[in-house]
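Colleague: Below is a structure I'd like to ask you about.
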Amino acid sequence: TQTILFNKRPEGEPTLDSFKFIKESIGEPQEGELLVETRYVSVDPYLRGRMNDTKSYVPPFQVGEPMTSGVVAEVITSKNENFKAGDFVSKVMPWKQQQVITTDDLQKVDANQAPLSAYLGVLGMTGLTAYNGLMEIGKPQKGETLLISGAAGAVGSIVGQIGKILGLRVVGIAGSDEKIDLLKDKFGFDAGINYKETSDIKSAIGDACPDGVDIYFDNVGGDISDAVLYHINKFARIINCGAIAVYNKTSIPQSLSVQPFLIKNSALMQGFIVSNYASKFEEAIKQLAQWLQEDKLDYSETVVEGFENIPQAFLDLFEGKNKGKMVVKV
Ligand code: NDP
């Protein structure tokens with residue numbers, strides 16, 4: 001079976017030589033274990049952080065060890081009475097075509113309830129990040145203006161739809177006209193800004209948010225987020241979910257000093273890690289699944305085919321090649 005190892009720590013932009021394919025033999029599952037075959041692999045911006053040898057909320061990847069991320073796999077052989085061949089399961093696993101796993105933290109997923117890939121997106125970490133970040137920190141109120149960066153990505157596109165369900169005015173920032181059309185036509189956003197075609201992002205935000213910004217759900221950081229600060233309202237909430245514009249920088253970029261903006265608006269800025277809200281996961285998934293069933297919530301996916309294309313799919317996140325959740329079908 002093939003395994004993808006972490007081969008080299010990138011400096012700046014990651015490249016294909018950050019990864020290495022090897023062939024391995026697979027052992028037999030012992031009592032309690034499962035032999036599984038990978039079906040879908042999630043590639044996520046946060047994996048870039050784990051490629052640096054720095055302390056963070058998850059330990060860094062070790063060179064020569066397998067890459068890992070959220071995986072949906074099919075049980076081939078079960079030595080555990082709670083699972084049988086043909087079951088689908090999900091957890092963070094190494095990037096391997098087949099492997100023997102324990103059932104610790106393993107979640108059974110139901111292919112009849114939703115497509116398998118959805119458990120890596122809207123019904124997985126993506127949905128939980130969107131829902132908990134918005135609800136717990138954003139505390140959305142009907143009629144408020146919600147601005148989202150990285151809006152056409154996995155998390156952003158869910159955040160915006162939740163905002164619309166709750167009666168907010170929702171504005172998205174994304175990197176192409178096609179993505180802005182998707183936000184408005186498929187996801188019901190009220191307005192969109194293509195930051196790559198805008199020479200003056202600060203004015204563009206002002207034009208798109210005439211009543212100012214009450215909640216800013218930030219997936220990107222950097223210059224876009226600096227520009228948003230000029231438009232925040234009194235008691236605004238700024239949700240620091242991600243900073244993809246900064247992940248590949250080799251030195252910390254110069255940014256605006258945020259304090260004056262926060263002080264004069266009595267605004268809140270808070271970062272979070274989705275696992276902070278583990279006790280609320282069940283409730284969140286129930287709500288997201290219900291909205292999906294009621295057709296109030298929709299999602300997009302960019303599905304890349306083939307185990308050998310996992311590294312490229314990851315690199316493509318930094319080029320904005322995905323609409324919605326980027327997943328690899330194996
Ligand atoms: P996305 O699906 O949003 O994919 C990344 C997107 O980021 C790309 O499609 C691209 O879209 C945009 N992008 C890439 N480079 C830049 C740049 N330099 N400036 C602005 N935009 C850029 O990924 P996810 O939805 O999985 O994640 C979104 C964010 O949320 C990430 O920053 C991630 O790290 C974070 N996150 C945080 C979690 C937490 O617990 N706090 C959990 C999960 C995710 P475009 O074409 O618009 O540029």
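Numbering starts fresh at 1 for the residues of each chain in the structure tokens, the chains themselves are lettered A, B, ... in the order given, and ligands are numbered from 1 as they appear.
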Give me the residues near Gly150 (chain A) as a PyMOL selection string, where near means some atom within 9 Å (using only C-alpha atoms) and where sequence neighbours in that chain fewer than 4 positions away do not count.

Modeller: chain A and resi 154-157+172-175+217-220+244

Colleague: Applying 10 Å and only C-alpha atoms, which residues near Leu317 (chain A) remain after dropping the ones on its own chain fewer than 3 positions away? List them as a VMD selection string.

Modeller: chain A and resid 43 to 45 153 244 312 to 314 320 to 323 325 to 326

Colleague: Let me make sure I understand: among A:Gly32, A:Lys108, A:Asn52, A:Arg39, which one has the smallest atom-to-atom distance to Lys249 (chain A) if we use only C-alpha atoms?

Modeller: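 Smallest distance to Lys249 (chain A) is found for A:Asn52.
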
Colleague: Which one is closest to Arg169 (chain A): A:Glu305, A:Asp200, A:Asp214, A:Asp185? Count only C-alpha atoms.

Modeller: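 Smallest separation from Arg169 (chain A) among the options: A:Asp214.
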
Colleague: Report as a ChimeraX atom specification all protein, DNA and RNA residues lying within 10 Å of Gly49 (chain A), evaluated on only C-alpha atoms, omitting residues in the same chain fewer than 5 positions from it.

Modeller: /A:54-61,244,247-248

Colleague: Quick one: of A:Glu319, A:Glu136, A:Glu178, A:Glu65, who's nearest to ligand 1, counting only C-alpha atoms and all ligand atoms?

Modeller: A:Glu319

Colleague: My list of candidates is A:Lys179, A:Lys79, A:Lys91, A:Arg237. Which is closest to Thr38 (chain A) when distances are computed with only C-alpha atoms?

Modeller: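 Ranking A:Lys179, A:Lys79, A:Lys91, A:Arg237 by distance to Thr38 (chain A), first place goes to A:Lys91.
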
Colleague: Using only C-alpha atoms and all ligand atoms, which of the listed residues (A:Ile205, A:Ala151, A:Leu256, A:Ala227) sits closest to ligand 1?

Modeller: A:Ala151

Colleague: Taking the DSSP secondary structure from the backbone, can you list the residues of region 29-251 of chain A that are strand (DSSP E), as a ChimeraX atom specification?

Modeller: /A:34-42,68-78,88-94,98-101,107-109,145-149,169-174,191-194,213-218,232-240

Colleague: Env of Thr103 (chain A): 9 Å cut, atoms = only C-alpha atoms, seq-sep filter 2 positions within chain, self excluded. Answer as an NGL selection string.

Modeller: :A and (32-34 or 80 or 101 or 105-107)

Colleague: Choose the residue, out of A:Cys241, A:Leu123, A:Ile310, A:Val228, that has the smallest atom-to-atom separation from ligand 1; count only C-alpha atoms and all ligand atoms.

Modeller: A:Cys241

Colleague: Report, in Å with one decimal, the straight-line distance from CA of Asp207 (chain A) to CA of Gly192 (chain A).

Modeller: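 Interatomic distance, CA of Asp207 (chain A) to CA of Gly192 (chain A): 10.4 Å.
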
Colleague: Could you please determine the separation between CA of Pro140 (chain A) and atom 3 (O, counted along the ligand's line) of ligand 1 in Å, to one decimal place?

Modeller: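 Between these atoms lies a distance of 20.9 Å.
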
Colleague: Interatomic distance between CA of Asp177 (chain A) and CA of Ser300 (chain A)?

Modeller: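 These two atoms are separated by 16.1 Å.
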
Colleague: Contacts of Thr129 (chain A) at 7 Å or less, counting only C-alpha atoms, minus same-chain residues fewer than 3 places along, as a VMD selection string?

Modeller: chain A and resid 125 to 126 132 to 133 155 274

Colleague: Write a file of the just-selected residues containing N, CA and C atoms, as a tab-separated table (two decimals), in the first residue's frame.

Modeller:
chain	number	residue	atom	x	y	z
A	125	MET	N	-15.39	18.81	10.63
A	125	MET	CA	-14.69	19.93	11.26
A	125	MET	C	-15.09	21.29	10.65
A	126	THR	N	-15.30	21.30	9.34
A	126	THR	CA	-15.66	22.55	8.68
A	126	THR	C	-16.95	23.15	9.25
A	132	ASN	N	-19.72	26.97	15.45
A	132	ASN	CA	-19.30	27.38	16.80
A	132	ASN	C	-18.63	28.73	16.80
A	133	GLY	N	-17.78	29.00	15.81
A	133	GLY	CA	-17.12	30.30	15.76
A	133	GLY	C	-18.15	31.43	15.65
A	155	VAL	N	-15.21	26.71	5.20
A	155	VAL	CA	-15.79	27.30	6.40
A	155	VAL	C	-16.63	28.53	6.04
A	274	VAL	N	-11.41	25.01	17.02
A	274	VAL	CA	-12.72	24.37	17.02
A	274	VAL	C	-12.88	23.40	18.20

Colleague: Just the residues within 10 Å of Asp181 (chain A), please, counting only C-alpha atoms, with nothing from its chain fewer than 6 positions along; format it as a VMD selection string.

Modeller: chain A and resid 152 187 to 189 191 to 192

Colleague: If we count only C-alpha atoms and set the cut-off at 12 Å, which residues sit around Glu283 (chain A), ignoring sequence neighbours fewer than 6 positions away in its own chain? Please answer as a list of chain:residue names.

Modeller: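 My list of contacting residues is A:Leu123, A:Gly127, A:Leu128, A:Tyr131, A:Asn132, A:Tyr277, A:Ala289, A:Gln290.
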
Colleague: For those residues, write C-alpha atoms to a file as a short mmCIF file (atom, residue, chain, number, x, y, z; two decimals), in the first residue's frame.

Modeller:
data_model
loop_
_atom_site.label_atom_id
_atom_site.label_comp_id
_atom_site.auth_asym_id
_atom_site.auth_seq_id
_atom_site.Cartn_x
_atom_site.Cartn_y
_atom_site.Cartn_z
CA LEU A 123 -20.96 17.61 8.85
CA GLY A 127 -19.27 22.78 9.81
CA LEU A 128 -18.29 22.72 13.48
CA TYR A 131 -21.17 27.07 13.51
CA ASN A 132 -19.30 27.38 16.80
CA TYR A 277 -16.25 23.67 21.70
CA ALA A 289 -27.91 18.19 9.56
CA GLN A 290 -31.41 19.54 10.12
#
